[in-house]
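Participant: I'm passing along work-v5.json; it holds JSON, C-alpha atoms.
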```
[["chain", "number", "residue", "atom", "x", "y", "z"],
["A", 155, "MET", "CA", -3.46, 5.99, 32.35],
["A", 156, "ASP", "CA", -1.95, 5.43, 35.81],
["A", 157, "GLN", "CA", 1.04, 7.64, 34.95],
["A", 158, "PRO", "CA", 0.92, 10.77, 32.77],
["A", 159, "LEU", "CA", 2.57, 10.41, 29.40],
["A", 160, "GLN", "CA", 6.06, 11.77, 28.98],
["A", 161, "ALA", "CA", 6.56, 14.56, 26.45],
["A", 162, "GLY", "CA", 7.21, 13.36, 22.92],
["A", 163, "LEU", "CA", 5.65, 12.15, 19.69],
["A", 164, "TYR", "CA", 3.55, 8.97, 19.84],
["A", 165, "ILE", "CA", 2.90, 7.19, 16.53],
["A", 166, "VAL", "CA", -0.44, 5.43, 17.06],
["A", 167, "ALA", "CA", -1.90, 2.79, 14.73],
["A", 168, "THR", "CA", -5.70, 3.02, 14.43],
["A", 169, "PRO", "CA", -8.29, 0.51, 13.17],
["A", 170, "ILE", "CA", -8.60, -0.03, 9.40],
["A", 171, "GLY", "CA", -12.30, -0.78, 9.75],
["A", 172, "ASN", "CA", -13.21, -2.64, 12.91],
["A", 173, "LEU", "CA", -13.02, -0.44, 16.01],
["A", 174, "GLY", "CA", -12.47, -3.56, 18.09],
["A", 175, "ASP", "CA", -8.92, -3.68, 16.72],
["A", 176, "LEU", "CA", -7.87, -0.56, 18.64],
["A", 177, "SER", "CA", -5.48, -1.82, 21.31],
["A", 178, "ARG", "CA", -5.77, -0.94, 24.99],
["A", 179, "ARG", "CA", -2.38, 0.74, 24.80],
["A", 180, "ALA", "CA", -3.40, 2.84, 21.78],
["A", 181, "SER", "CA", -6.63, 3.84, 23.54],
["A", 182, "ALA", "CA", -4.72, 4.88, 26.67],
["A", 183, "VAL", "CA", -2.24, 6.96, 24.68],
["A", 184, "LEU", "CA", -4.96, 8.73, 22.67],
["A", 185, "CYS", "CA", -6.80, 9.54, 25.89],
["A", 186, "GLY", "CA", -3.64, 10.85, 27.52],
["A", 187, "VAL", "CA", -2.06, 13.12, 24.90],
["A", 188, "ALA", "CA", -2.40, 16.89, 24.75],
["A", 189, "ALA", "CA", -3.06, 16.90, 20.99],
["A", 190, "VAL", "CA", -3.54, 14.55, 18.05],
["A", 191, "ALA", "CA", -2.06, 15.22, 14.60],
["A", 192, "CYS", "CA", -4.32, 13.61, 11.99],
["A", 193, "GLU", "CA", -5.08, 13.50, 8.27],
["A", 194, "ASP", "CA", -8.78, 14.37, 8.59],
["A", 195, "THR", "CA", -10.18, 15.85, 11.81],
["A", 196, "ARG", "CA", -13.65, 14.53, 10.96],
["A", 197, "VAL", "CA", -12.43, 10.93, 10.72],
["A", 198, "THR", "CA", -10.28, 11.11, 13.84],
["A", 199, "GLY", "CA", -13.06, 13.00, 15.62],
["A", 200, "LYS", "CA", -15.27, 9.92, 15.27],
["A", 201, "LEU", "CA", -12.55, 7.79, 16.87],
["A", 202, "MET", "CA", -12.21, 10.26, 19.74],
["A", 203, "HIS", "CA", -15.99, 10.18, 20.20],
["A", 204, "HIS", "CA", -15.80, 6.37, 20.36],
["A", 205, "LEU", "CA", -13.22, 6.72, 23.13],
["A", 206, "GLY", "CA", -15.33, 9.31, 24.92],
["A", 207, "VAL", "CA", -12.68, 12.06, 24.90],
["A", 208, "LYS", "CA", -12.29, 15.45, 23.21],
["A", 209, "GLN", "CA", -8.64, 15.96, 22.37],
["A", 210, "LYS", "CA", -7.20, 18.88, 20.44],
["A", 211, "LEU", "CA", -7.05, 17.76, 16.79],
["A", 212, "ILE", "CA", -4.51, 19.31, 14.41],
["A", 213, "ARG", "CA", -4.74, 18.58, 10.69],
["A", 214, "TYR", "CA", -1.48, 17.20, 9.33],
["A", 215, "ASP", "CA", -1.61, 15.78, 5.79],
["A", 216, "ASP", "CA", 0.14, 16.09, 2.40],
["A", 217, "HIS", "CA", -0.75, 19.77, 2.26],
["A", 218, "ALA", "CA", 0.36, 20.71, 5.77],
["A", 219, "SER", "CA", 2.72, 23.67, 5.96],
["A", 220, "ASP", "CA", 6.15, 23.83, 7.56],
["A", 221, "ALA", "CA", 4.55, 26.08, 10.16],
["A", 222, "THR", "CA", 2.15, 23.30, 11.15],
["A", 223, "ARG", "CA", 5.03, 20.84, 11.50],
["A", 224, "ASP", "CA", 6.99, 23.35, 13.59],
["A", 225, "HIS", "CA", 3.94, 23.88, 15.82],
["A", 226, "LEU", "CA", 3.59, 20.13, 16.41],
["A", 227, "LEU", "CA", 7.29, 19.82, 17.20],
["A", 228, "ALA", "CA", 7.08, 22.66, 19.69],
["A", 229, "LEU", "CA", 4.14, 20.95, 21.39],
["A", 230, "ALA", "CA", 5.88, 17.56, 21.45],
["A", 231, "SER", "CA", 8.97, 19.07, 23.06],
["A", 232, "THR", "CA", 6.98, 19.78, 26.26],
["A", 233, "GLN", "CA", 3.83, 17.62, 25.99],
["A", 234, "ALA", "CA", 2.64, 14.28, 24.64],
["A", 235, "VAL", "CA", 1.43, 14.51, 21.02],
["A", 236, "ALA", "CA", -0.06, 11.63, 19.01],
["A", 237, "LEU", "CA", 0.29, 11.13, 15.26],
["A", 238, "VAL", "CA", -2.44, 9.05, 13.57],
["A", 239, "SER", "CA", -3.60, 8.34, 10.03],
["A", 240, "ASP", "CA", -7.23, 7.98, 9.00],
["A", 241, "ALA", "CA", -6.83, 4.21, 9.25],
["A", 242, "GLY", "CA", -3.98, 1.84, 9.99],
["A", 243, "THR", "CA", -0.35, 2.55, 10.80],
["A", 244, "PRO", "CA", 0.92, 6.12, 10.27],
["A", 245, "LEU", "CA", 3.79, 6.72, 7.82],
["A", 246, "VAL", "CA", 2.58, 3.91, 5.52],
["A", 247, "SER", "CA", 1.85, 5.90, 2.35],
["A", 248, "ASP", "CA", 1.39, 9.19, 4.22],
["A", 249, "PRO", "CA", 3.61, 12.21, 4.99],
["A", 250, "GLY", "CA", 4.23, 11.46, 8.68],
["A", 251, "TYR", "CA", 7.87, 10.50, 8.13],
["A", 252, "LYS", "CA", 8.80, 14.19, 7.76],
["A", 253, "LEU", "CA", 7.44, 14.92, 11.23],
["A", 254, "VAL", "CA", 9.17, 11.89, 12.73],
["A", 255, "ARG", "CA", 12.46, 12.76, 11.04],
["A", 256, "ALA", "CA", 12.32, 16.33, 12.33],
["A", 257, "ALA", "CA", 11.41, 15.15, 15.84],
["A", 258, "ARG", "CA", 14.40, 12.80, 15.93],
["A", 259, "GLU", "CA", 16.71, 15.54, 14.67],
["A", 260, "GLN", "CA", 15.52, 17.81, 17.50],
["A", 261, "GLY", "CA", 15.98, 15.14, 20.15],
["A", 262, "ILE", "CA", 12.25, 14.74, 20.78],
["A", 263, "ALA", "CA", 11.32, 11.26, 22.02],
["A", 264, "VAL", "CA", 9.44, 9.19, 19.43],
["A", 265, "THR", "CA", 7.39, 6.15, 20.47],
["A", 266, "SER", "CA", 5.49, 3.77, 18.17],
["A", 267, "ILE", "CA", 2.24, 2.13, 19.30],
["A", 268, "PRO", "CA", 1.85, -0.77, 16.82],
["A", 269, "GLY", "CA", -1.42, -2.05, 15.45],
["A", 270, "PRO", "CA", -3.40, -2.66, 12.24],
["A", 271, "SER", "CA", -1.77, -2.27, 8.82],
["A", 272, "ALA", "CA", -3.83, -2.88, 5.68],
["A", 273, "PRO", "CA", -0.93, -4.20, 3.50],
["A", 274, "VAL", "CA", 0.01, -6.82, 6.11],
["A", 275, "VAL", "CA", -3.61, -7.85, 6.74],
["A", 276, "ALA", "CA", -4.22, -8.21, 3.00],
["A", 277, "LEU", "CA", -1.04, -10.19, 2.44],
["A", 278, "SER", "CA", -1.94, -12.59, 5.24],
["A", 279, "LEU", "CA", -5.29, -13.30, 3.55],
["A", 280, "SER", "CA", -4.02, -13.58, -0.03],
["A", 281, "GLY", "CA", -2.19, -16.90, 0.03],
["A", 282, "LEU", "CA", 0.60, -15.32, -2.04],
["A", 283, "PRO", "CA", 4.26, -15.79, -1.00],
["A", 284, "SER", "CA", 4.81, -13.69, 2.10],
["A", 285, "ASP", "CA", 8.43, -14.43, 3.00],
["A", 286, "ARG", "CA", 9.36, -11.36, 0.93],
["A", 287, "PHE", "CA", 7.09, -8.56, -0.22],
["A", 288, "LEU", "CA", 7.44, -5.03, -1.57],
["A", 289, "PHE", "CA", 4.89, -2.39, -0.65],
["A", 290, "ALA", "CA", 4.83, 0.36, -3.29],
["A", 291, "GLY", "CA", 1.95, 2.63, -2.25],
["A", 292, "PHE", "CA", -0.56, 3.62, -4.92],
["A", 293, "LEU", "CA", -0.05, 2.77, -8.59],
["A", 294, "PRO", "CA", 0.16, 5.96, -10.71],
["A", 295, "SER", "CA", -3.13, 7.18, -12.14],
["A", 296, "LYS", "CA", -1.75, 7.80, -15.65],
["A", 297, "ASP", "CA", -1.38, 4.82, -17.95],
["A", 298, "LYS", "CA", 2.22, 5.42, -19.08],
["A", 299, "ALA", "CA", 3.47, 5.93, -15.53],
["A", 300, "ARG", "CA", 1.50, 2.92, -14.28],
["A", 301, "ARG", "CA", 3.03, 0.66, -16.91],
["A", 302, "ALA", "CA", 6.49, 2.02, -16.15],
["A", 303, "VAL", "CA", 6.10, 1.09, -12.48],
["A", 304, "LEU", "CA", 4.84, -2.40, -13.33],
["A", 305, "ALA", "CA", 7.75, -2.91, -15.75],
["A", 306, "GLU", "CA", 10.25, -1.70, -13.15],
["A", 307, "LEU", "CA", 8.94, -3.77, -10.24],
["A", 308, "GLY", "CA", 7.71, -6.77, -12.21],
["A", 309, "ALA", "CA", 11.17, -8.34, -12.27],
["A", 310, "VAL", "CA", 11.64, -8.15, -8.50],
["A", 311, "GLN", "CA", 11.52, -11.61, -6.94],
["A", 312, "THR", "CA", 8.88, -10.76, -4.37],
["A", 313, "THR", "CA", 5.13, -10.31, -3.97],
["A", 314, "LEU", "CA", 4.12, -6.76, -4.93],
["A", 315, "VAL", "CA", 1.61, -4.92, -2.75],
["A", 316, "PHE", "CA", -0.19, -1.73, -3.80],
["A", 317, "PHE", "CA", -3.01, 0.44, -2.57],
["A", 318, "GLU", "CA", -5.73, 1.12, -5.13],
["A", 319, "THR", "CA", -9.05, 2.94, -5.34],
["A", 320, "ALA", "CA", -12.27, 1.25, -6.44],
["A", 321, "PRO", "CA", -12.80, 3.49, -9.52],
["A", 322, "ARG", "CA", -9.31, 2.67, -10.84],
["A", 323, "LEU", "CA", -9.23, -1.04, -10.08],
["A", 324, "LEU", "CA", -10.31, -2.26, -13.54],
["A", 325, "THR", "CA", -7.78, -0.02, -15.28],
["A", 326, "SER", "CA", -4.98, -1.31, -13.07],
["A", 327, "LEU", "CA", -6.02, -4.94, -13.58],
["A", 328, "ALA", "CA", -5.97, -4.41, -17.36],
["A", 329, "ALA", "CA", -2.45, -2.97, -17.15],
["A", 330, "ILE", "CA", -1.26, -5.89, -14.98],
["A", 331, "GLY", "CA", -2.74, -8.38, -17.43],
["A", 332, "GLU", "CA", -0.86, -6.78, -20.31],
["A", 333, "CYS", "CA", 2.43, -5.99, -18.55],
["A", 334, "LEU", "CA", 2.70, -9.06, -16.30],
["A", 335, "PRO", "CA", 0.65, -11.80, -17.99],
["A", 336, "GLY", "CA", 0.20, -15.09, -16.22],
["A", 337, "ARG", "CA", 0.79, -13.66, -12.76],
["A", 338, "GLU", "CA", -1.60, -14.53, -9.96],
["A", 339, "VAL", "CA", -3.27, -11.41, -8.62],
["A", 340, "ALA", "CA", -5.22, -10.87, -5.39],
["A", 341, "VAL", "CA", -7.65, -8.11, -4.50],
["A", 342, "ALA", "CA", -8.45, -7.48, -0.84],
["A", 343, "ARG", "CA", -11.14, -5.01, 0.15],
["A", 344, "GLU", "CA", -13.28, -3.93, 3.10],
["A", 345, "LEU", "CA", -10.63, -5.39, 5.40],
["A", 346, "THR", "CA", -11.80, -6.22, 8.96],
["A", 347, "LYS", "CA", -15.33, -5.07, 8.06],
["A", 348, "MET", "CA", -18.54, -7.08, 7.63],
["A", 349, "PHE", "CA", -18.09, -7.55, 3.87],
["A", 350, "GLU", "CA", -14.36, -8.29, 3.91],
["A", 351, "GLU", "CA", -13.15, -10.26, 0.92],
["A", 352, "CYS", "CA", -9.91, -11.38, -0.68],
["A", 353, "ARG", "CA", -10.32, -12.72, -4.20],
["A", 354, "SER", "CA", -7.48, -14.13, -6.29],
["A", 355, "GLY", "CA", -6.99, -15.28, -9.88],
["A", 356, "SER", "CA", -5.57, -13.93, -13.11],
["A", 357, "ALA", "CA", -5.92, -10.26, -13.89],
["A", 358, "GLN", "CA", -8.44, -11.14, -16.59],
["A", 359, "GLU", "CA", -10.55, -13.27, -14.22],
["A", 360, "LEU", "CA", -10.61, -10.56, -11.58],
["A", 361, "SER", "CA", -11.40, -7.93, -14.17],
["A", 362, "ALA", "CA", -14.40, -9.95, -15.35],
["A", 363, "HIS", "CA", -15.65, -10.37, -11.78],
["A", 364, "TYR", "CA", -15.34, -6.71, -10.84],
["A", 365, "THR", "CA", -16.89, -5.61, -14.12],
["A", 366, "ALA", "CA", -19.97, -7.61, -13.14],
["A", 367, "HIS", "CA", -19.68, -6.60, -9.45],
["A", 368, "PRO", "CA", -18.31, -3.05, -9.22],
["A", 369, "PRO", "CA", -16.18, -2.84, -6.08],
["A", 370, "LYS", "CA", -16.57, -0.42, -3.20],
["A", 371, "GLY", "CA", -14.25, 0.52, -0.38],
["A", 372, "GLU", "CA", -10.50, 0.79, -0.12],
["A", 373, "ILE", "CA", -8.46, -1.87, -1.91],
["A", 374, "VAL", "CA", -5.12, -3.62, -1.52],
["A", 375, "LEU", "CA", -3.88, -5.06, -4.82],
["A", 376, "MET", "CA", -1.24, -7.81, -4.78],
["A", 377, "ILE", "CA", 0.77, -9.49, -7.55],
["A", 378, "ALA", "CA", 2.63, -12.80, -7.25],
["A", 379, "PRO", "CA", 6.39, -12.78, -7.90],
["A", 380, "PRO", "CA", 7.77, -13.89, -11.26],
["A", 381, "GLY", "CA", 7.93, -17.65, -11.55],
["A", 382, "ALA", "CA", 5.19, -18.25, -8.95],
["A", 383, "THR", "CA", 2.80, -18.83, -11.84],
["A", 384, "GLU", "CA", 4.20, -19.35, -15.33],
["A", 385, "PRO", "CA", 2.59, -17.40, -18.19],
["A", 386, "SER", "CA", 1.33, -19.31, -21.18],
["A", 387, "ALA", "CA", 3.21, -19.50, -24.47],
["A", 388, "GLU", "CA", 0.58, -17.20, -25.96],
["A", 389, "ASP", "CA", 1.20, -14.62, -23.24],
["A", 390, "ALA", "CA", 4.96, -14.79, -23.80],
["A", 391, "ASP", "CA", 4.52, -14.40, -27.56],
["A", 392, "ALA", "CA", 2.28, -11.37, -27.05],
["A", 393, "LEU", "CA", 4.86, -9.74, -24.80],
["A", 394, "LEU", "CA", 7.68, -10.51, -27.21],
["A", 395, "ALA", "CA", 5.72, -9.18, -30.17],
["A", 396, "GLY", "CA", 5.07, -5.94, -28.33],
["A", 397, "ALA", "CA", 8.69, -5.55, -27.26],
["A", 398, "LEU", "CA", 10.00, -6.35, -30.74],
["A", 399, "ARG", "CA", 8.22, -3.33, -32.17],
["A", 400, "THR", "CA", 10.83, -1.08, -30.58],
["A", 401, "GLN", "CA", 13.69, -3.35, -29.51],
["A", 402, "LYS", "CA", 16.17, -5.88, -30.86],
["A", 403, "PRO", "CA", 15.41, -9.59, -30.20],
["A", 404, "SER", "CA", 18.05, -9.78, -27.45],
["A", 405, "GLN", "CA", 16.64, -6.71, -25.70],
["A", 406, "ALA", "CA", 13.05, -7.90, -26.07],
["A", 407, "ALA", "CA", 13.94, -11.33, -24.66],
["A", 408, "ALA", "CA", 15.71, -9.77, -21.67],
["A", 409, "GLU", "CA", 12.74, -7.50, -20.94],
["A", 410, "VAL", "CA", 10.20, -10.33, -21.10],
["A", 411, "ALA", "CA", 12.44, -12.58, -19.01],
["A", 412, "ARG", "CA", 12.56, -9.92, -16.29],
["A", 413, "ALA", "CA", 8.79, -9.49, -16.35],
["A", 414, "THR", "CA", 7.86, -13.18, -16.39],
["A", 415, "GLY", "CA", 10.72, -15.17, -14.93],
["A", 416, "LEU", "CA", 10.90, -17.27, -18.12],
["A", 417, "ASP", "CA", 14.24, -18.43, -19.52],
["A", 418, "ARG", "CA", 15.94, -15.64, -21.45],
["A", 419, "LYS", "CA", 17.69, -17.94, -23.96],
["A", 420, "ALA", "CA", 14.42, -19.66, -24.86],
["A", 421, "LEU", "CA", 12.74, -16.29, -25.21],
["A", 422, "TYR", "CA", 15.55, -15.05, -27.44],
["A", 423, "ALA", "CA", 15.17, -18.05, -29.74],
["A", 424, "ARG", "CA", 11.43, -17.45, -29.93],
["A", 425, "ALA", "CA", 11.99, -13.72, -30.54],
["A", 426, "LEU", "CA", 14.18, -14.58, -33.56],
["A", 427, "GLU", "CA", 11.37, -16.77, -34.92],
["A", 428, "LEU", "CA", 8.81, -14.02, -34.44],
["A", 429, "LYS", "CA", 11.10, -11.39, -35.95]]
```
Let me see the file written as structure tokens.
Facilitator:
Amino acid sequence: MDQPLQAGLYIVATPIGNLGDLSRRASAVLCGVAAVACEDTRVTGKLMHHLGVKQKLIRYDDHASDATRDHLLALASTQAVALVSDAGTPLVSDPGYKLVRAAREQGIAVTSIPGPSAPVVALSLSGLPSDRFLFAGFLPSKDKARRAVLAELGAVQTTLVFFETAPRLLTSLAAIGECLPGREVAVARELTKMFEECRSGSAQELSAHYTAHPPKGEIVLMIAPPGATEPSAEDADALLAGALRTQKPSQAAAEVARATGLDRKALYARALELK
């Protein structure tokens, strides 16, 4: 860089797959800092090698101690320190916000160097409504917790965006099909790489495809908002029947209405018939 970097914390977005997406500004900052806080020194080391520099790398992830955070803050108070994730924009589903919060509280300058973000890239490819969306990180790995999250967020009038792992994709698709039937779902994977794909359809259709073609790579899983695609009468009946096992018809109708966007009064009438 023409001018040395001022002391502070620099939040630097890194490529999510294609190294060509690293901006000139991000490259200049990474080459000019005294140290880089990163999730995995091996991953970030490859990026530094690509840039042709050997910066001091400090591991900072979910398991980092308070002492590590204090050390980074002390460095950033007198020198330029970068914060990166393994891929994409830091603080999106990682622990960086604690470091940023502490830096701000201590009056340390914080600068963001924008760039790639997997949820935004996936959403732009999906064709799902993008005027409003809710990013909710990873779906829980346990079935009960996963269903609870889908039930909680399923009523929100917005596209839902999650991270998911390849081994858990089929399980999550099955839960979506049961908890939010009729919703359009999109699966984006290998973003910005040679085999990038974004496939959409019902949860059942996607499940059939990925059963026949086991996925690899990191995945962004998206679900259309309620009302974007209307579930069939059979889907609604199945949801009502399940809810009626533990709830009164009025409660079951309200729950299914929240999950599907269907008319609550019509669902209540149908619930009485099924009861």
Participant: Please measure the separation of atom CA of A:Gly396 and atom CA of A:Ala329, giving the value in Å to one decimal.
Facilitator: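 Separation of atom CA of A:Gly396 and atom CA of A:Ala329: 13.8 Å.
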Participant: Name the residues within 10 Å of (-10.9, 10.0, 17.3), counting all atoms listed in the file in the file's coordinates, and put them as a list in words.
Facilitator: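 Checked against the point, the hits come out as Thr168, Ser181, Leu184, Cys185, Val190, Cys192, Asp194, Thr195, Arg196, Val197, Thr198, Gly199, Lys200, Leu201, Met202, His203, His204, Leu205, Gly206, Val207, Lys208, Gln209, Leu211, Val238 and Asp240 of chain A.
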Participant: Which of these, A:Gln405, A:Cys333, A:Cys352, A:Pro369, has the shortest distance to A:Ser278 once you count all atoms listed in the file?
Facilitator: A:Cys352
Participant: Taking into account all atoms listed in the file, which residue in the set A:Ala218, A:Ile267, A:His225, A:Pro368 is nearest to A:Pro249?
Facilitator: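 Looking only at the distances to A:Pro249, the closest residue turns out to be A:Ala218.
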Participant: If I take atom CA of A:Lys296 and atom CA of A:Ser284, how far is one from the other in Å, to one decimal?
Facilitator: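 The value is 28.6 Å.
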Participant: Given the choices A:Leu245, A:Val275, A:Leu253, A:Ala182, which gets closest to A:Thr222 if the distance is worked out from only C-alpha atoms?
Facilitator: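 Checking each candidate against A:Thr222, we get A:Leu253 as the closest.
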Participant: Identify, on the basis of only C-alpha atoms, every residue whose closest approach to A:Ile373 does not exceed 9 Å; exclude the query and any residue fewer than 5 positions from it along the same chain; express the result as an mmCIF file with C-alpha atoms, in the frame of the given file.
Facilitator:
```
data_model
loop_
_atom_site.group_PDB
_atom_site.id
_atom_site.type_symbol
_atom_site.label_atom_id
_atom_site.label_comp_id
_atom_site.auth_asym_id
_atom_site.auth_seq_id
_atom_site.Cartn_x
_atom_site.Cartn_y
_atom_site.Cartn_z
ATOM 1 C CA ALA A 272 -3.830 -2.880 5.680
ATOM 2 C CA PHE A 316 -0.190 -1.730 -3.800
ATOM 3 C CA PHE A 317 -3.010 0.440 -2.570
ATOM 4 C CA GLU A 318 -5.730 1.120 -5.130
ATOM 5 C CA THR A 319 -9.050 2.940 -5.340
ATOM 6 C CA ALA A 320 -12.270 1.250 -6.440
ATOM 7 C CA LEU A 323 -9.230 -1.040 -10.080
ATOM 8 C CA VAL A 341 -7.650 -8.110 -4.500
ATOM 9 C CA ALA A 342 -8.450 -7.480 -0.840
ATOM 10 C CA ARG A 343 -11.140 -5.010 0.150
ATOM 11 C CA GLU A 344 -13.280 -3.930 3.100
ATOM 12 C CA LEU A 345 -10.630 -5.390 5.400
#
```
Participant: Just want the 12 Å neighbourhood of A:Tyr251, counted on all atoms listed in the file, with same-chain residues fewer than 3 positions away dropped. Output as a PDB file with C-alpha atoms, in the frame of the given file.
Facilitator:
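Printed below is part.pdb as written:
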```pdb
ATOM      1  CA  LEU A 163       5.650  12.150  19.690  1.00  0.00           C
ATOM      2  CA  ILE A 165       2.900   7.190  16.530  1.00  0.00           C
ATOM      3  CA  TYR A 214      -1.480  17.200   9.330  1.00  0.00           C
ATOM      4  CA  ASP A 215      -1.610  15.780   5.790  1.00  0.00           C
ATOM      5  CA  ASP A 216       0.140  16.090   2.400  1.00  0.00           C
ATOM      6  CA  ARG A 223       5.030  20.840  11.500  1.00  0.00           C
ATOM      7  CA  LEU A 237       0.290  11.130  15.260  1.00  0.00           C
ATOM      8  CA  VAL A 238      -2.440   9.050  13.570  1.00  0.00           C
ATOM      9  CA  SER A 239      -3.600   8.340  10.030  1.00  0.00           C
ATOM     10  CA  THR A 243      -0.350   2.550  10.800  1.00  0.00           C
ATOM     11  CA  PRO A 244       0.920   6.120  10.270  1.00  0.00           C
ATOM     12  CA  LEU A 245       3.790   6.720   7.820  1.00  0.00           C
ATOM     13  CA  VAL A 246       2.580   3.910   5.520  1.00  0.00           C
ATOM     14  CA  SER A 247       1.850   5.900   2.350  1.00  0.00           C
ATOM     15  CA  ASP A 248       1.390   9.190   4.220  1.00  0.00           C
ATOM     16  CA  VAL A 254       9.170  11.890  12.730  1.00  0.00           C
ATOM     17  CA  ARG A 255      12.460  12.760  11.040  1.00  0.00           C
ATOM     18  CA  ALA A 256      12.320  16.330  12.330  1.00  0.00           C
ATOM     19  CA  ALA A 257      11.410  15.150  15.840  1.00  0.00           C
ATOM     20  CA  ARG A 258      14.400  12.800  15.930  1.00  0.00           C
ATOM     21  CA  VAL A 264       9.440   9.190  19.430  1.00  0.00           C
TER      22      VAL A 264
END
```
Participant: Extract, using all atoms listed in the file, all DNA, RNA and protein residues at most 9 Å from A:Leu393, discarding same-chain residues fewer than 5 positions from it, and format them as number ranges by chain.
Facilitator: A: 332-335, 388, 398, 406, 410
Participant: Which residue is closest to A:Gly308? Choose from A:Ala395, A:Ile330, A:Leu375, A:Val166 and count only C-alpha atoms.
Facilitator: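 Selected residue with least distance to A:Gly308: A:Ile330.
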Participant: Please, what distance in Å, to one decimal, runs between atom CA of A:Met376 and atom CA of A:Leu304?
Facilitator: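 So the answer is 11.8 Å.
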Participant: Return the single residue from A:Gly250, A:Gly171, A:Pro403, A:Gly336 that is closest to A:Gly371, with distances computed using only C-alpha atoms.
Facilitator: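 When distances to A:Gly371 are compared using only C-alpha atoms, the smallest one comes from A:Gly171.
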Participant: Just need the box for stretch 403-409 of chain A, edges along x, y and z, holding every atom the file lists for it with 3 Å tacked onto each side, so centre and edge lengths in Å to one decimal, as AutoDock Vina command-line options.
Facilitator:
```
--center_x 15.4 --center_y -9.0 --center_z -25.6 --size_x 11.3 --size_y 10.6 --size_z 15.3
```
Participant: Please work out which residues fall within 9 Å of (10.7, -12.9, -1.8), coordinates as given in the file, with all atoms listed in the file counting, and return them as a ChimeraX atom specification.
Facilitator: /A:283-288,310-313,379
Participant: Counting all atoms listed in the file, figure out which residue out of A:Ala397, A:Leu307, A:Ala413, A:Val183 gets nearest to A:Ala234.
Facilitator: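 Checking each of A:Ala397, A:Leu307, A:Ala413, A:Val183 against A:Ala234, counting all atoms listed in the file, the winner is A:Val183.
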